[in-house]
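The file target_6.cif comes next; it holds mmCIF, C-alpha atoms.
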data_start
#
loop_
_atom_site.label_atom_id
_atom_site.label_comp_id
_atom_site.auth_asym_id
_atom_site.auth_seq_id
_atom_site.Cartn_x
_atom_site.Cartn_y
_atom_site.Cartn_z
CA MET J 1 70.17 99.90 86.41
CA SER J 2 70.73 96.19 86.89
CA LYS J 3 73.96 94.84 88.38
CA ALA J 4 76.27 92.30 86.78
CA THR J 5 75.49 89.21 88.88
CA PHE J 6 78.49 87.32 87.44
CA VAL J 7 80.91 89.74 89.14
CA ASN J 8 82.03 88.63 92.59
CA ARG J 9 83.62 91.30 94.76
CA GLN J 10 86.14 90.07 97.32
CA ALA J 11 86.74 91.70 100.69
CA LEU J 12 90.48 92.04 100.16
CA TYR J 13 91.22 95.68 100.75
CA LEU J 14 94.68 97.11 100.12
CA ARG J 15 94.82 100.40 101.99
CA PRO J 16 97.58 103.02 102.13
CA ASP J 17 99.97 102.67 105.04
CA PRO J 18 101.71 105.87 106.22
CA ALA J 19 104.24 103.76 108.16
CA ARG J 20 105.87 102.67 104.92
CA VAL J 21 108.71 105.09 104.21
CA VAL J 22 111.75 105.49 102.00
CA VAL J 23 114.63 107.96 102.30
CA ARG J 24 114.77 110.63 99.65
CA PRO J 25 117.27 113.43 98.91
CA PHE J 26 116.57 116.60 100.89
CA LYS J 27 117.41 119.80 99.05
CA PRO J 28 117.33 122.93 101.24
CA ALA J 29 115.39 125.78 99.68
CA THR J 30 117.35 128.92 98.91
CA GLU J 31 116.03 132.32 99.83
CA PRO J 32 115.55 134.69 96.89
CA ARG J 33 118.43 137.15 96.95
CA ASP J 34 121.16 138.47 94.75
CA LEU J 35 124.08 136.07 94.86
CA ASN J 36 127.49 136.69 93.45
CA PRO J 37 129.42 133.61 92.30
CA THR J 38 131.48 133.44 95.51
CA ASP J 39 128.50 133.42 97.91
CA LYS J 40 127.83 130.15 99.72
CA THR J 41 124.52 128.33 99.46
CA ARG J 42 122.50 126.94 102.36
CA ALA J 43 123.92 123.50 101.52
CA ASN J 44 127.45 124.89 101.99
CA HIS J 45 126.46 126.36 105.34
CA ILE J 46 125.05 123.04 106.57
CA VAL J 47 128.19 121.18 105.48
CA ASP J 48 130.39 123.79 107.19
CA ARG J 49 128.49 123.36 110.46
CA VAL J 50 128.67 119.57 110.38
CA LEU J 51 132.38 119.45 109.57
CA ALA J 52 133.13 122.01 112.28
CA LEU J 53 131.86 119.58 114.93
CA ASP J 54 134.39 118.00 117.25
CA PRO J 55 135.04 114.43 115.93
CA GLU J 56 133.66 112.88 119.12
CA VAL J 57 130.53 115.01 118.92
CA ALA J 58 130.09 114.02 115.26
CA ALA J 59 130.40 110.35 116.19
CA THR J 60 127.78 110.76 118.93
CA GLN J 61 125.43 112.53 116.52
CA LEU J 62 125.80 109.79 113.90
CA ALA J 63 125.20 107.08 116.50
CA ASP J 64 122.04 108.88 117.58
CA VAL J 65 120.79 109.06 113.99
CA LEU J 66 121.44 105.34 113.51
CA GLU J 67 119.66 104.48 116.75
CA ASN J 68 116.60 106.41 115.55
CA PHE J 69 116.47 105.24 111.93
CA GLN J 70 118.46 102.02 111.46
CA GLY J 71 115.47 99.71 112.00
CA ARG J 72 113.42 101.64 109.43
CA HIS J 73 115.78 101.23 106.45
CA ARG J 74 118.33 98.80 105.05
CA ASN J 75 122.02 99.75 104.63
CA LEU J 76 121.58 103.20 106.11
CA LEU J 77 125.28 104.03 106.35
CA ALA J 78 125.75 103.14 102.69
CA THR J 79 122.81 105.42 101.89
CA PHE J 80 124.46 108.25 103.81
CA GLU J 81 127.71 107.65 101.90
CA ALA J 82 125.90 107.70 98.55
CA ARG J 83 124.18 110.97 99.42
CA ALA J 84 127.51 112.47 100.49
CA ASP J 85 128.91 111.51 97.07
CA GLU J 86 126.22 113.75 95.57
CA MET J 87 127.34 116.60 97.84
CA GLU J 88 130.91 116.71 96.48
CA ASP J 89 130.64 120.37 95.45
CA ALA J 90 129.84 121.38 99.02
CA LEU J 91 132.55 119.09 100.42
CA ALA J 92 135.27 120.03 97.95
CA GLU J 93 136.64 123.00 99.89
CA HIS J 94 137.13 120.91 103.02
CA ALA J 95 140.03 118.58 103.71
CA GLY J 96 140.91 116.09 106.41
CA PHE J 97 137.40 115.21 107.56
CA SER J 98 136.62 111.69 108.72
CA ARG J 99 134.34 109.05 107.23
CA ILE J 100 131.99 109.55 110.18
CA GLN J 101 131.72 113.26 109.39
CA ARG J 102 131.10 112.44 105.75
CA GLN J 103 128.31 110.00 106.64
CA LEU J 104 126.76 112.59 108.94
CA VAL J 105 126.79 115.12 106.10
CA GLY J 106 124.89 112.59 103.98
CA ALA J 107 122.30 112.16 106.75
CA TYR J 108 121.61 115.90 106.83
CA PHE J 109 120.64 115.87 103.17
CA LEU J 110 118.08 113.06 103.34
CA HIS J 111 114.52 112.87 104.61
CA GLU J 112 111.93 110.16 105.09
CA TYR J 113 109.03 110.13 102.64
CA SER J 114 105.81 108.23 103.33
CA PHE J 115 105.21 107.22 99.74
CA GLU J 116 101.70 105.76 100.18
CA ALA J 117 100.42 107.94 103.01
CA ALA J 118 97.54 109.33 100.92
CA ALA J 119 96.50 106.60 98.48
CA LEU J 120 97.20 103.15 97.03
CA PHE J 121 95.20 102.66 93.87
CA ASN J 122 94.91 102.02 90.12
CA PRO J 123 96.34 98.47 90.16
CA SER J 124 97.35 96.19 87.31
CA ILE J 125 98.11 92.48 87.57
CA VAL J 126 100.36 90.03 85.69
CA ALA J 127 101.56 86.48 86.27
CA HIS J 128 104.59 86.27 88.56
CA PRO J 129 107.77 85.43 86.59
CA ASP J 130 108.53 82.82 89.27
CA GLN J 131 105.67 80.36 89.76
CA ALA J 132 107.45 78.41 92.52
CA GLY J 133 105.02 77.87 95.37
CA ALA J 134 101.88 78.29 93.27
CA PRO J 135 99.09 75.97 94.50
CA PRO J 136 97.71 73.16 92.29
CA GLY J 137 95.51 74.74 89.64
CA GLY J 138 96.51 78.16 90.93
CA ARG J 139 98.90 80.92 90.00
CA ARG J 140 101.24 83.45 91.56
CA PHE J 141 100.89 87.09 90.49
CA ILE J 142 102.50 90.50 90.84
CA LEU J 143 100.34 93.53 91.38
CA SER J 144 101.55 97.03 90.53
CA LEU J 145 99.95 99.98 92.30
CA ARG J 146 100.10 103.74 92.18
CA ALA J 147 101.16 105.06 95.58
CA VAL J 148 100.63 108.71 96.51
CA GLY J 149 102.30 110.60 99.35
CA GLU J 150 102.94 114.16 100.48
CA GLY J 151 102.55 116.74 97.73
CA HIS J 152 100.47 114.30 95.65
CA VAL J 153 103.63 112.73 94.22
CA SER J 154 102.95 109.32 92.64
CA SER J 155 105.36 106.39 92.65
CA LEU J 156 105.16 102.77 91.55
CA THR J 157 105.01 99.98 94.12
CA PHE J 158 104.28 96.25 94.05
CA ARG J 159 102.65 93.36 95.87
CA ALA J 160 102.76 89.59 95.25
CA GLY J 161 99.93 87.15 95.79
CA THR J 162 98.19 83.95 94.78
CA ILE J 163 95.12 83.00 92.79
CA ALA J 164 93.70 79.67 93.97
CA ALA J 165 92.13 77.11 91.65
CA ASP J 166 88.65 78.35 92.63
CA GLY J 167 89.56 81.96 91.76
CA SER J 168 89.94 83.23 95.31
CA VAL J 169 92.74 85.76 95.73
CA SER J 170 95.21 86.29 98.55
CA VAL J 171 97.93 88.93 98.83
CA ASP J 172 101.22 88.25 100.58
CA PRO J 173 102.03 90.24 103.73
CA THR J 174 103.84 93.48 103.01
CA ALA J 175 107.51 93.69 103.90
CA ARG J 176 108.28 95.96 106.85
CA LEU J 177 110.91 97.96 104.95
CA ALA J 178 110.86 99.70 101.59
CA ALA J 179 113.53 101.23 99.38
CA VAL J 180 114.11 103.02 96.10
CA PRO J 181 116.33 101.36 93.46
CA THR J 182 119.95 101.90 92.58
CA LEU J 183 120.42 103.85 89.37
CA ARG J 184 122.75 101.83 87.15
CA SER J 185 122.73 104.05 84.07
CA ARG J 186 121.14 107.16 82.60
CA VAL J 187 121.28 107.88 78.88
CA SER J 188 120.00 111.25 77.70
CA GLY J 189 118.30 111.57 74.34
CA PRO J 190 116.25 114.12 72.40
CA ASP J 191 113.00 112.74 73.87
CA GLY J 192 114.24 112.37 77.44
CA ASP J 193 116.31 110.08 79.62
CA THR J 194 116.42 106.29 79.52
CA LEU J 195 117.14 104.80 82.93
CA ASP J 196 118.27 101.40 84.13
CA VAL J 197 117.55 100.74 87.80
CA THR J 198 117.84 97.69 90.02
CA PHE J 199 116.91 96.40 93.47
CA PRO J 200 118.59 93.74 95.61
CA ALA J 201 117.47 90.38 94.24
CA ASP J 202 116.97 88.90 97.70
CA GLY J 203 114.44 91.54 98.80
CA ASP J 204 110.68 91.08 98.75
CA VAL J 205 108.86 92.58 95.77
CA SER J 206 106.78 94.73 98.14
CA GLU J 207 109.97 96.50 99.28
CA ARG J 208 110.51 97.95 95.80
CA VAL J 209 109.38 101.52 95.14
CA ILE J 210 110.13 103.28 91.86
CA PHE J 211 110.06 106.98 92.60
CA PRO J 212 110.22 109.76 89.96
CA LEU J 213 113.79 110.06 88.67
CA THR J 214 113.59 112.57 85.81
CA ASP J 215 112.21 116.07 85.33
CA ALA J 216 109.40 114.67 83.16
CA GLN J 217 108.37 112.39 86.05
CA ALA J 218 108.92 114.96 88.82
CA ASN J 219 105.33 114.89 90.12
CA GLY J 220 104.51 111.32 89.35
CA ILE J 221 104.79 107.93 87.71
CA GLU J 222 101.08 107.36 87.26
CA ASP J 223 98.76 104.47 86.32
CA ALA J 224 101.16 101.79 85.06
CA ARG J 225 99.40 99.29 82.79
CA PHE J 226 101.55 96.15 82.90
CA VAL J 227 101.22 93.31 80.41
CA GLU J 228 103.12 90.05 79.92
CA PHE J 229 104.31 90.30 76.32
CA ASP J 230 105.22 87.29 74.22
CA GLU J 231 108.11 88.18 71.90
CA ASP J 232 108.82 85.00 69.94
CA GLY J 233 108.63 82.85 73.06
CA ARG J 234 110.53 85.30 75.28
CA LYS J 235 108.42 86.73 78.08
CA VAL J 236 108.89 90.43 78.84
CA PHE J 237 106.74 92.58 81.11
CA TYR J 238 106.00 96.02 79.67
CA GLY J 239 104.19 98.77 81.53
CA THR J 240 102.95 101.94 79.90
CA TYR J 241 102.51 104.81 82.36
CA THR J 242 101.95 108.55 82.51
CA ALA J 243 104.93 110.71 83.44
CA TYR J 244 103.76 113.97 85.03
CA SER J 245 106.18 116.85 85.48
CA GLY J 246 103.76 119.05 87.40
CA ARG J 247 103.05 120.98 84.20
CA ALA J 248 102.86 118.45 81.38
CA ILE J 249 102.15 114.77 80.76
CA ARG J 250 103.59 112.22 78.41
CA SER J 251 103.53 108.45 78.03
CA GLU J 252 106.56 106.39 78.96
CA MET J 253 107.32 102.68 79.20
CA ILE J 254 108.89 100.47 81.86
CA GLU J 255 110.35 97.07 80.99
CA THR J 256 111.42 94.11 83.14
CA THR J 257 111.80 90.35 83.00
CA ASP J 258 112.05 89.73 86.75
CA PHE J 259 110.64 92.76 88.64
CA VAL J 260 114.13 93.25 90.10
CA SER J 261 115.80 95.27 87.34
CA PHE J 262 113.86 97.77 85.24
CA ARG J 263 114.37 100.03 82.25
CA LEU J 264 112.33 103.23 81.99
CA CYS J 265 112.23 105.19 78.75
CA PRO J 266 110.07 107.83 77.05
CA LEU J 267 107.79 106.94 74.17
CA ARG J 268 108.04 108.95 70.96
CA GLY J 269 105.48 110.15 68.44
CA ARG J 270 102.27 112.18 68.56
CA ALA J 271 100.30 109.48 70.38
CA ALA J 272 102.77 109.57 73.28
CA ARG J 273 101.65 113.11 74.14
CA ASN J 274 98.52 111.57 75.66
CA LYS J 275 97.89 109.20 78.56
CA GLY J 276 96.18 105.86 79.07
CA MET J 277 98.10 103.79 76.51
CA ALA J 278 97.84 99.97 76.80
CA LEU J 279 99.87 97.47 74.80
CA PHE J 280 98.45 94.26 73.31
CA PRO J 281 100.21 91.17 74.75
CA ARG J 282 101.61 90.09 71.38
CA ARG J 283 102.17 91.39 67.87
CA ILE J 284 99.24 91.36 65.46
CA ASP J 285 100.16 90.65 61.83
CA GLY J 286 103.80 91.26 62.72
CA ARG J 287 103.23 94.71 64.25
CA TYR J 288 102.89 96.03 67.78
CA ALA J 289 99.41 97.24 68.68
CA MET J 290 98.27 99.72 71.30
CA ILE J 291 94.97 101.05 72.64
CA GLY J 292 94.92 104.70 73.70
CA ARG J 293 92.88 107.86 74.06
CA GLN J 294 93.88 110.84 71.94
CA ASP J 295 90.96 113.24 72.22
CA ASN J 296 89.83 112.82 75.85
CA GLU J 297 86.64 111.16 74.64
CA ASN J 298 87.08 108.12 72.37
CA LEU J 299 89.34 105.06 72.16
CA TYR J 300 91.91 104.67 69.37
CA LEU J 301 93.79 101.72 67.91
CA MET J 302 97.43 102.26 66.92
CA HIS J 303 99.99 100.05 65.18
CA SER J 304 103.76 100.44 65.06
CA ASP J 305 106.88 98.63 63.91
CA ASP J 306 108.81 100.32 66.73
CA LEU J 307 107.75 99.54 70.29
CA HIS J 308 108.84 103.01 71.43
CA HIS J 309 107.36 105.13 68.61
CA TRP J 310 103.62 105.68 68.23
CA GLU J 311 101.81 107.98 65.86
CA ASP J 312 98.09 108.81 65.65
CA GLY J 313 95.68 105.91 65.38
CA ALA J 314 92.06 105.58 64.31
CA ALA J 315 89.08 105.96 66.63
CA PHE J 316 87.18 102.68 66.90
CA LEU J 317 85.11 103.02 70.10
CA ARG J 318 82.98 105.99 71.11
CA PRO J 319 80.64 106.67 74.04
CA LYS J 320 77.33 104.92 73.48
CA PHE J 321 75.55 104.33 76.78
CA PRO J 322 74.57 106.92 79.43
CA TRP J 323 77.16 105.71 81.98
CA GLU J 324 79.96 106.62 79.52
CA PHE J 325 78.61 109.72 77.77
CA VAL J 326 81.39 112.00 79.09
CA GLN J 327 84.33 109.82 77.95
CA ILE J 328 85.64 106.30 77.65
CA GLY J 329 89.13 104.91 78.13
CA ASN J 330 90.88 101.58 78.45
CA CYS J 331 91.34 99.75 81.74
CA GLY J 332 94.55 97.97 80.83
CA SER J 333 95.82 95.76 78.05
CA PRO J 334 93.38 93.59 76.08
CA ILE J 335 93.02 90.00 77.30
CA GLU J 336 93.11 87.27 74.68
CA LEU J 337 90.17 84.84 74.69
CA ASP J 338 89.17 82.18 72.14
CA GLU J 339 86.31 84.48 71.15
CA GLY J 340 88.42 87.60 70.65
CA TRP J 341 90.18 90.35 72.60
CA LEU J 342 88.42 91.30 75.83
CA LEU J 343 89.02 94.98 76.49
CA LEU J 344 87.97 96.37 79.85
CA THR J 345 86.99 100.03 79.61
CA HIS J 346 86.15 102.85 81.94
CA GLY J 347 83.26 105.18 81.32
CA VAL J 348 82.45 108.53 82.91
CA GLY J 349 78.81 109.45 83.44
CA PRO J 350 76.68 111.96 85.36
CA VAL J 351 78.36 113.75 88.29
CA ARG J 352 81.69 112.41 86.96
CA LYS J 353 80.93 108.89 88.14
CA TYR J 354 83.46 106.30 86.86
CA ALA J 355 82.44 102.70 86.10
CA ILE J 356 84.15 99.71 84.48
CA GLY J 357 82.73 98.11 81.33
CA ALA J 358 83.82 95.70 78.62
CA VAL J 359 83.93 95.21 74.85
CA LEU J 360 84.97 92.23 72.72
CA LEU J 361 87.22 92.93 69.74
CA ASP J 362 87.93 90.78 66.70
CA LYS J 363 91.08 88.74 67.24
CA HIS J 364 92.48 89.44 63.75
CA ASP J 365 91.16 92.98 63.33
CA PRO J 366 90.89 94.62 66.79
CA SER J 367 89.34 97.73 65.26
CA ARG J 368 86.17 95.69 64.77
CA VAL J 369 83.93 95.57 67.82
CA ILE J 370 82.13 92.22 68.09
CA ALA J 371 80.15 92.80 71.29
CA ARG J 372 79.75 95.36 74.03
CA ALA J 373 78.41 95.42 77.58
CA ARG J 374 75.39 97.71 77.85
CA GLU J 375 75.75 98.05 81.62
CA PRO J 376 78.91 98.47 83.72
CA LEU J 377 80.52 95.39 85.21
CA VAL J 378 81.66 97.30 88.30
CA ARG J 379 80.35 100.63 89.52
CA PRO J 380 80.86 102.41 92.86
CA GLU J 381 78.84 100.69 95.59
CA PRO J 382 77.51 102.84 98.47
CA SER J 383 80.42 101.62 100.61
CA GLU J 384 82.92 102.49 97.85
CA ARG J 385 81.91 106.04 96.99
CA GLU J 386 83.93 107.95 99.57
CA GLY J 387 87.59 108.81 99.15
CA TYR J 388 90.06 111.27 97.70
CA VAL J 389 88.09 111.34 94.43
CA PRO J 390 84.52 110.19 95.18
CA ASN J 391 82.41 107.95 92.93
CA VAL J 392 85.27 106.27 91.07
CA VAL J 393 86.14 102.64 90.41
CA TYR J 394 89.12 102.13 88.12
CA THR J 395 91.65 99.51 87.08
CA CYS J 396 94.85 99.50 85.04
CA GLY J 397 94.72 95.83 84.08
CA ALA J 398 93.19 92.43 84.79
CA ILE J 399 94.34 88.85 84.13
CA ARG J 400 92.67 85.67 82.93
CA HIS J 401 92.84 82.59 85.14
CA GLY J 402 90.99 79.60 83.72
CA SER J 403 87.33 80.47 83.30
CA ARG J 404 87.60 83.76 85.22
CA ILE J 405 88.93 87.26 84.93
CA ILE J 406 90.75 88.41 88.05
CA LEU J 407 90.11 92.13 88.33
CA PRO J 408 91.97 94.33 90.82
CA TYR J 409 90.33 97.73 90.99
CA ALA J 410 90.72 101.01 92.83
CA ILE J 411 88.07 102.71 94.91
CA SER J 412 87.73 106.51 94.89
CA ASP J 413 91.45 106.99 94.16
CA THR J 414 92.20 105.87 97.71
CA PHE J 415 92.51 102.08 98.15
CA SER J 416 92.15 98.87 96.13
CA ASN J 417 90.12 95.65 96.09
CA PHE J 418 89.58 92.59 93.86
CA ALA J 419 86.68 91.12 91.94
CA THR J 420 86.35 87.97 89.85
CA ILE J 421 84.28 87.73 86.67
CA GLU J 422 82.95 84.56 85.05
CA ILE J 423 84.01 84.84 81.41
CA ALA J 424 81.19 82.74 79.92
CA ALA J 425 78.53 84.72 81.78
CA LEU J 426 80.13 88.01 80.76
CA LEU J 427 80.15 87.04 77.09
CA ARG J 428 76.50 85.98 77.26
CA ALA J 429 75.59 89.34 78.78
CA MET J 430 77.31 91.36 76.07
CA GLU J 431 75.30 92.65 73.13
CA THR J 432 76.40 91.98 69.57
CA ALA J 433 77.69 95.19 68.06
#

Output the file's structure in the form of structure tokens.
Amino acid sequence: MSKATFVNRQALYLRPDPARVVVRPFKPATEPRDLNPTDKTRANHIVDRVLALDPEVAATQLADVLENFQGRHRNLLATFEARADEMEDALAEHAGFSRIQRQLVGAYFLHEYSFEAAALFNPSIVAHPDQAGAPPGGRRFILSLRAVGEGHVSSLTFRAGTIAADGSVSVDPTARLAAVPTLRSRVSGPDGDTLDVTFPADGDVSERVIFPLTDAQANGIEDARFVEFDEDGRKVFYGTYTAYSGRAIRSEMIETTDFVSFRLCPLRGRAARNKGMALFPRRIDGRYAMIGRQDNENLYLMHSDDLHHWEDGAAFLRPKFPWEFVQIGNCGSPIELDEGWLLLTHGVGPVRKYAIGAVLLDKHDPSRVIARAREPLVRPEPSEREGYVPNVVYTCGAIRHGSRIILPYAISDTFSNFATIEIAALLRAMETA
């Protein structure tokens, strides 16, 4: 099959770095046995041992911990204190212990987690909310990525970078440290918890890691599809993602205006029981619109008056070409062009090979397909076929910059790269539907 000559791959590889770590709560496993209500847990035993230490020995132990870990994390003593606050049940029966002993208790119930040790993939890209420092004719951006560490747990991490006037892409150096956010509020509801979290405003965006915080997210926050949404002139960044509990999936949404503070909440309705939802960047005829997959095969268009409630939609795009016979899905939110909505898609073909394609939808009626690419825009090259999941290229969202589409994409569920696509050439190559 012929290749799309108007696609320019860039050698800008974002690879997982096992040296990037955050501290996470450590919860000692309990051995299966019959406990009566007065029996102590392993956590109680650990606390008892720490608080039984001579004060000078405890101080020496804490100093040793700080010497080993202080340069790897910010505000480590405050982190120990916060973890000790969560251990109040185990501390309650003790009295008269020092702040040093309390901080040491907190240290015993934390562990380092290398959040991107295994993979850094499935990126999406949006304009940076702060364009200070953008070059003439260029643009600053924020890239979201799915990071995977031990136990195949997925979290959400970020990078910042620049698109030059000629379409070339550069990514800022990654900050040495990383951290999870502070939980400001948690509101429980019938469909799950709504969370408000925040990071220090003076930290680099690459320091910010949003780790699973609820039971529904326990095994992963997966494949965030961010879009800059225009709500009557107010810019809000929404990201639809898959929450995976280890047993079940559901769609949730993350919202931010600055990539410092975030709100995470579950989506409601039958459509939210599936994955791969992508929001249009503005209302259409006064209603929100979403692309999603509801039957593991076709693409559906949904409308709603409530951003957080989505019922079944109507199938409007089905597999047509051999490279997508198994299934099709969206590759992020539609991109608005003068000619219509450009929707990047993924198709699955023989030997479960994933490729990225494109369709053009009517601007007023997105259920109407105007044109469609017969061949993939990006498919796994020989150098891109090896990884955690071989033969896969995938993206969760691209961005328009002038006459080009800037496309970050993942390679074999392992690392990420960028390509640029000439819009005019792409449209000429698409077949009228």

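Taken over the whole file, the PyMOL selection byres ((chain J and resi 7) around 6) covers exactly Ala4, Thr5, Phe6, Asn8, Thr420 and Ile421 of chain J.
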
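In this model, the gap between atom CA of Ala118 of chain J and atom CA of Glu384 of chain J comes to 16.4 Å.
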
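Of the residues under consideration (J:Val260, J:Ala398, J:Leu91, J:Ala433), J:Ala398 shows the shortest atom-to-atom contact distance to Phe226 of chain J when counting only C-alpha atoms.
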
Distance in Å - atom CA of Glu150 of chain J versus atom CA of Arg83 of chain J: 21.5 Å

Given all atoms listed in the file as the counted atoms, nearest of J:Gly402, J:Gly106, J:Gly292, J:Gly286 to Ala272 of chain J: J:Gly292

Residues in the PyMOL selection byres ((chain J and resi 147) around 7), expressed as a list of chain:residue names: J:Phe115, J:Glu116, J:Ala119, J:Leu120, J:Phe121, J:Leu145, J:Arg146, J:Val148, J:Gly149, J:Ser154, J:Ser155, J:Leu156, J:Thr157

Could you take the residues named above and write them with C-alpha atoms, as a PDB file, in the frame of the given file?
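The resulting result.pdb:
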ATOM      1  CA  PHE J 115     105.210 107.220  99.740  1.00  0.00           C
ATOM      2  CA  GLU J 116     101.700 105.760 100.180  1.00  0.00           C
ATOM      3  CA  ALA J 119      96.500 106.600  98.480  1.00  0.00           C
ATOM      4  CA  LEU J 120      97.200 103.150  97.030  1.00  0.00           C
ATOM      5  CA  PHE J 121      95.200 102.660  93.870  1.00  0.00           C
ATOM      6  CA  LEU J 145      99.950  99.980  92.300  1.00  0.00           C
ATOM      7  CA  ARG J 146     100.100 103.740  92.180  1.00  0.00           C
ATOM      8  CA  VAL J 148     100.630 108.710  96.510  1.00  0.00           C
ATOM      9  CA  GLY J 149     102.300 110.600  99.350  1.00  0.00           C
ATOM     10  CA  SER J 154     102.950 109.320  92.640  1.00  0.00           C
ATOM     11  CA  SER J 155     105.360 106.390  92.650  1.00  0.00           C
ATOM     12  CA  LEU J 156     105.160 102.770  91.550  1.00  0.00           C
ATOM     13  CA  THR J 157     105.010  99.980  94.120  1.00  0.00           C
TER      14      THR J 157
END

Coordinates-based distance that separates atom CA of Phe97 of chain J from atom CA of Gly71 of chain J (Å, one decimal): 27.2 Å

Take the PyMOL selection byres ((chain J and resi 111) around 6), apply it to the structure above, and return the hits as a PDB file with C-alpha atoms, keeping the file's coordinate frame.
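Okay, this is what ended up in expr05.pdb:
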ATOM      1  CA  VAL J  23     114.630 107.960 102.300  1.00  0.00           C
ATOM      2  CA  ARG J  24     114.770 110.630  99.650  1.00  0.00           C
ATOM      3  CA  PHE J  26     116.570 116.600 100.890  1.00  0.00           C
ATOM      4  CA  LEU J 110     118.080 113.060 103.340  1.00  0.00           C
ATOM      5  CA  GLU J 112     111.930 110.160 105.090  1.00  0.00           C
TER       6      GLU J 112
END

Shell of 10 Å around segment 377-382 of chain J, only C-alpha atoms, local chain residues under 2 positions omitted, as an MDAnalysis selection string: chainID J and resid 2:9 323 344:347 353:358 373:375 384:386 390:394 407 409:412 419 421 426

Considering all atoms listed in the file, return as a compact mmCIF listing (two decimals) with C-alpha atoms, in the coordinates of the input whatever protein or nucleic-acid residues lie within 12 Å of Ala78 of chain J, sequence-local ones (same chain, fewer than 6 positions apart) excluded.
# COMPACT_ATOMS: atom_id res chain seq x y z
CA LEU J 66 121.44 105.34 113.51
CA GLN J 70 118.46 102.02 111.46
CA ALA J 84 127.51 112.47 100.49
CA ASP J 85 128.91 111.51 97.07
CA ARG J 99 134.34 109.05 107.23
CA ILE J 100 131.99 109.55 110.18
CA ARG J 102 131.10 112.44 105.75
CA GLN J 103 128.31 110.00 106.64
CA LEU J 104 126.76 112.59 108.94
CA GLY J 106 124.89 112.59 103.98
CA ALA J 107 122.30 112.16 106.75
CA THR J 182 119.95 101.90 92.58

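Residue nearest Phe199 of chain J, chosen from J:Pro319, J:Ser261, J:Tyr241, J:Gly133 and counting all atoms listed in the file: J:Ser261.
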
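Every protein, DNA or RNA residue with an atom at most 9 Å from Pro173 of chain J, where all atoms listed in the file count and chain neighbours fewer than 2 positions away do not, is listed here: Arg159, Ala160, Gly161, Val171, Ala175 and Ser206 of chain J.
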
Segment 330-337 of chain J environment, 8 Å, only C-alpha atoms, sequence neighbours closer than 6 positions dropped, as a PyMOL selection string: chain J and resi 124+225-227+276-281+291-293+299+343-346+356+363+394-400

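With all atoms listed in the file taken into account, the protein and nucleic acid residues at most 10 Å from Pro55 of chain J (excluding it and anything under 5 positions from it in its own chain) are Val50, Thr60, Gln61, Phe97, Ser98, Ile100 and Gln101 of chain J.
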
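Residue nearest Ala95 of chain J, chosen from J:Ala216, J:Ala52, J:Ala82, J:Ala425 and counting all atoms listed in the file: J:Ala52.
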
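Of the residues listed (J:Asp130, J:Asp232, J:Asp305, J:Glu422), J:Asp130 shows the shortest atom-to-atom separation from Thr162 of chain J; distances use all atoms listed in the file.
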
Draw an axis-aligned box over all listed atoms of segment 83-89 of chain J, pad each side with 5 Å, and write its centre and edge lengths in Å, one decimal, as JSON.
{"center_x": 127.5, "center_y": 115.7, "center_z": 98.0, "size_x": 16.7, "size_y": 19.4, "size_z": 15.0}

Among the residues J:His73, J:Ser403, J:Asp172, J:Gly246, the one that comes closest to Gly151 of chain J [using all atoms listed in the file]: J:Gly246

Distance query 12 Å from (112.6, 90.8, 102.5) using all atoms listed in the file, result as a list in words: His73, Arg74, Asp172, Pro173, Thr174, Ala175, Arg176, Leu177, Ala178, Ala179, Phe199, Pro200, Ala201, Asp202, Gly203, Asp204, Val205, Ser206, Glu207 and Arg208 of chain J

Write a file for segment 185-209 of chain J, containing C-alpha atoms (output as a CSV table (one decimal), in the first residue's frame).
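Generated output (selection_30.csv):
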chain,number,residue,atom,x,y,z
J,185,SER,CA,-12.0,18.1,48.1
J,186,ARG,CA,-13.9,14.9,47.4
J,187,VAL,CA,-17.6,14.8,46.9
J,188,SER,CA,-19.3,11.4,46.8
J,189,GLY,CA,-22.3,10.8,44.5
J,190,PRO,CA,-24.4,8.0,43.2
J,191,ASP,CA,-22.1,7.7,40.1
J,192,GLY,CA,-18.8,8.0,41.9
J,193,ASP,CA,-16.6,10.7,43.5
J,194,THR,CA,-15.9,14.1,42.1
J,195,LEU,CA,-12.4,15.3,43.1
J,196,ASP,CA,-10.6,18.7,43.1
J,197,VAL,CA,-6.9,18.5,43.1
J,198,THR,CA,-4.1,21.0,42.8
J,199,PHE,CA,-0.3,21.4,42.3
J,200,PRO,CA,2.0,24.2,43.4
J,201,ALA,CA,1.6,26.9,40.8
J,202,ASP,CA,5.4,27.6,40.6
J,203,GLY,CA,6.3,24.0,39.6
J,204,ASP,CA,7.0,22.9,36.0
J,205,VAL,CA,4.1,21.2,34.2
J,206,SER,CA,6.2,18.1,33.7
J,207,GLU,CA,6.4,17.6,37.5
J,208,ARG,CA,2.6,17.0,37.7
J,209,VAL,CA,1.4,13.4,37.9
